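upload_36.txt follows (compact mmCIF, C-alpha atoms):
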```
# COMPACT_ATOMS: atom_id res chain seq x y z
CA PHE A 1 92.03 72.25 58.28
CA GLU A 2 91.99 69.67 61.07
CA ARG A 3 94.00 71.93 63.37
CA SER A 4 92.48 75.15 62.13
CA HIS A 5 90.79 77.50 64.53
CA ALA A 6 88.62 78.92 61.79
CA ASP A 7 85.00 79.59 62.63
CA GLY A 8 83.93 78.45 59.18
CA ILE A 9 85.16 77.35 55.78
CA ILE A 10 83.94 78.50 52.38
CA VAL A 11 84.71 76.06 49.57
CA LEU A 12 84.90 77.81 46.19
CA GLY A 13 84.54 75.43 43.25
CA ASP A 14 85.21 71.74 43.46
CA LEU A 15 88.07 69.82 45.04
CA VAL A 16 90.13 66.99 43.61
CA ASP A 17 88.46 63.78 44.88
CA GLY A 18 85.56 66.12 45.62
CA THR A 19 83.03 63.79 47.22
CA TRP A 20 85.55 62.12 49.52
CA SER A 21 87.45 65.33 50.36
CA LEU A 22 84.30 67.29 51.12
CA ALA A 23 82.82 64.48 53.21
CA ASP A 24 86.03 64.37 55.23
CA LEU A 25 86.08 68.15 55.58
CA THR A 26 82.47 68.32 56.80
CA THR A 27 83.14 65.57 59.34
CA HIS A 28 85.83 67.68 60.99
CA HIS A 29 84.19 71.08 60.67
CA ARG A 30 80.67 72.07 61.50
CA TYR A 31 80.46 75.24 59.42
CA VAL A 32 81.26 74.52 55.77
CA VAL A 33 79.55 76.38 52.93
CA GLY A 34 80.11 75.76 49.23
CA VAL A 35 79.97 77.99 46.18
CA SER A 36 80.00 75.96 42.99
CA ASP A 37 78.39 75.25 39.65
CA ARG A 38 77.83 71.60 40.46
CA VAL A 39 75.17 69.58 38.69
CA GLY A 40 73.36 69.13 41.99
CA ALA A 41 73.53 70.50 45.49
CA GLY A 42 76.36 69.28 47.67
CA ALA A 43 76.11 67.38 50.92
CA PHE A 44 76.46 70.67 52.79
CA PRO A 45 74.82 74.09 52.46
CA GLY A 46 75.93 76.31 49.65
CA VAL A 47 75.23 78.56 46.74
CA TYR A 48 74.95 76.43 43.62
CA SER A 49 74.25 77.66 40.12
CA ASP A 50 71.73 75.90 37.91
CA ALA A 51 73.85 74.49 35.05
CA ALA A 52 70.77 73.34 33.12
CA LYS A 53 68.99 76.69 33.24
CA GLY A 54 72.20 78.61 32.55
CA THR A 55 72.94 76.44 29.50
CA ARG A 56 69.45 76.97 28.12
CA LEU A 57 69.66 80.74 28.67
CA ALA A 58 73.04 80.91 26.93
CA LEU A 59 71.87 78.88 23.95
CA GLU A 60 68.58 80.79 23.67
CA HIS A 61 70.57 84.02 23.61
CA LEU A 62 72.76 82.78 20.76
CA TRP A 63 69.69 81.44 18.92
CA GLY A 64 67.91 84.77 19.43
CA LEU A 65 70.83 86.54 17.77
CA GLY A 66 70.16 84.43 14.68
CA HIS A 67 72.86 81.79 15.11
CA ARG A 68 72.01 78.36 13.72
CA ASN A 69 75.51 76.95 13.21
CA ILE A 70 76.49 76.75 16.89
CA VAL A 71 79.23 74.38 18.00
CA CYS A 72 79.99 73.30 21.55
CA VAL A 73 83.46 73.00 23.09
CA SER A 74 83.65 71.26 26.44
CA ASP A 75 85.78 69.24 28.84
CA PRO A 76 84.12 65.83 29.26
CA ALA A 77 86.13 65.20 32.44
CA THR A 78 83.68 67.19 34.56
CA GLU A 79 80.07 66.25 35.22
CA ASP A 80 78.67 69.75 34.80
CA GLN A 81 80.33 70.17 31.40
CA ARG A 82 79.05 66.78 30.23
CA LEU A 83 75.57 67.94 31.26
CA ARG A 84 75.99 71.20 29.33
CA THR A 85 77.07 69.29 26.23
CA THR A 86 74.06 66.96 26.45
CA LEU A 87 71.74 69.94 26.86
CA TYR A 88 73.37 71.64 23.86
CA GLN A 89 72.75 68.57 21.70
CA THR A 90 69.13 68.39 22.87
CA PHE A 91 68.65 72.11 22.21
CA MET A 92 69.92 71.79 18.65
CA ARG A 93 67.76 68.69 17.97
CA GLU A 94 64.65 70.43 19.34
CA ARG A 95 65.17 73.19 16.79
CA GLY A 96 65.64 70.82 13.87
CA VAL A 97 69.33 71.47 13.42
CA GLY A 98 70.67 68.46 15.30
CA ASP A 99 72.69 67.51 12.22
CA LEU A 100 74.66 70.75 12.67
CA ALA A 101 75.38 70.02 16.35
CA VAL A 102 79.10 69.49 16.75
CA ALA A 103 80.67 69.00 20.19
CA TYR A 104 84.45 69.20 20.48
CA PRO A 105 85.85 67.51 23.61
CA ILE A 106 89.07 69.00 24.99
CA GLY A 107 91.00 68.92 28.26
CA GLN A 108 91.46 71.68 30.81
CA PRO A 109 92.05 73.51 33.22
CA ASP A 110 94.33 75.76 31.17
CA PRO A 111 93.17 77.47 27.95
CA GLU A 112 95.88 75.88 25.76
CA PRO A 113 93.77 72.99 24.36
CA SER A 114 90.92 75.31 23.36
CA TYR A 115 93.46 77.74 21.89
CA ARG A 116 94.86 74.98 19.65
CA LEU A 117 91.34 73.90 18.66
CA GLY A 118 90.47 77.52 17.91
CA LEU A 119 93.47 77.84 15.60
CA GLU A 120 92.15 74.83 13.66
CA LEU A 121 88.58 76.18 13.57
CA PHE A 122 89.68 79.65 12.48
CA ALA A 123 92.29 78.54 9.92
CA GLY A 124 91.74 80.45 6.72
CA ASN A 125 89.90 83.28 8.55
CA GLY A 126 86.31 83.23 7.39
CA ALA A 127 86.36 79.79 5.79
CA ARG A 128 82.95 78.45 4.80
CA HIS A 129 82.91 75.97 7.67
CA LEU A 130 83.44 78.57 10.38
CA PRO A 131 80.58 78.29 12.88
CA THR A 132 78.61 81.46 13.52
CA ALA A 133 78.75 80.84 17.28
CA ILE A 134 80.62 78.73 19.81
CA PHE A 135 79.17 77.65 23.14
CA ALA A 136 82.11 77.06 25.50
CA THR A 137 81.15 75.10 28.61
CA SER A 138 83.70 76.97 30.71
CA ASP A 139 85.25 80.42 30.72
CA THR A 140 88.72 78.87 30.50
CA ILE A 141 87.72 77.28 27.20
CA ALA A 142 86.27 80.58 25.98
CA ILE A 143 89.52 82.40 26.82
CA GLY A 144 91.55 79.99 24.67
CA LEU A 145 89.09 80.39 21.79
CA LEU A 146 89.16 84.18 22.06
CA ARG A 147 92.97 84.17 21.94
CA ALA A 148 92.92 81.94 18.84
CA ALA A 149 90.32 84.15 17.17
CA TYR A 150 92.42 87.24 17.81
CA GLN A 151 95.61 85.65 16.48
CA SER A 152 93.75 84.29 13.43
CA GLY A 153 92.23 87.65 12.54
CA VAL A 154 88.71 86.46 13.34
CA VAL A 155 86.73 89.33 14.85
CA VAL A 156 84.45 88.51 17.78
CA PRO A 157 81.45 88.96 17.57
CA ARG A 158 81.39 90.12 13.92
CA ASP A 159 82.76 86.85 12.46
CA VAL A 160 81.85 84.48 15.28
CA SER A 161 80.16 84.82 18.67
CA ILE A 162 81.81 83.06 21.61
CA MET A 163 79.71 82.33 24.70
CA GLY A 164 81.54 81.10 27.80
CA PHE A 165 79.46 79.63 30.61
CA ASP A 166 81.04 78.69 33.92
```

For the file at hand, write its structure as structure tokens.
Amino acid sequence: FERSHADGIIVLGDLVDGTWSLADLTTHHRYVVGVSDRVGAGAFPGVYSDAAKGTRLALEHLWGLGHRNIVCVSDPATEDQRLRTTLYQTFMRERGVGDLAVAYPIGQPDPEPSYRLGLELFAGNGARHLPTAIFATSDTIAIGLLRAAYQSGVVVPRDVSIMGFD
């Protein structure tokens, strides 16, 4: 980028060593715009989604469908997903079902960890402990869960609803 003759740079998502990398990038280039789902606005102009409002909307939708046994699957390595998990726990407590709130931490960025977790959750296809809904704090996580549901014979959304938010 230092030798680039670009008129502007659009940063989609976050970068490894994000704060340092982006600070360095904005020092060398005047026109940098970000598009991200960060917890807060970046140090440069951008389009940022509201992770708190989006989480609440997703959970209210699942609740409105009648789900009370909602679990959360997230990657605690990212700030926005930690926020979504905290909001999920608060949401469940506010509705008096905090004792049902279960958050499964997994790694990303590929769907394999959530796929393996899904195989465990869906073992026995329709077991009594199957949640009625899963709130996945990223679409990558949701993809792994959907794959596991399919391979386990669990029908989405008849047997379980899966909400991916990212």

Checklist entry - With distances taken over only C-alpha atoms, which of A:Phe165, A:Ala23, A:His29, A:Phe122 is nearest to Arg56 (chain A)? => result A:Phe165

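The residue that comes closest to Arg147 (chain A), out of A:His5, A:Arg82, A:Arg116, A:Arg95 and on the basis of all atoms listed in the file, is A:Arg116.
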
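If you look at CA of Ala6 (chain A) and CA of Leu22 (chain A), they are 16.4 Å away from each other.
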
Grab all the atoms of region 68-87 of chain A that the file lists, wrap them in a box along x, y and z, add 8 Å per side, and give me centre plus edge lengths in Å (one decimal) as AutoDock Vina command-line options.
```
--center_x 78.9 --center_y 71.8 --center_z 24.2 --size_x 30.4 --size_y 29.2 --size_z 38.0
```

Next on the checklist: Excluding Gly34 (chain A) and its own-chain neighbours fewer than 3 positions away, which residues fall within 6 Å of it when counting all atoms listed in the file? Please give them as a list in words.
Outcome noted: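 Within the cut-off, the hits are Ile10, Val11 and Gly46 of chain A.
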
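Note that CA of Leu62 (chain A) and CA of Tyr88 (chain A) are 11.6 Å apart.
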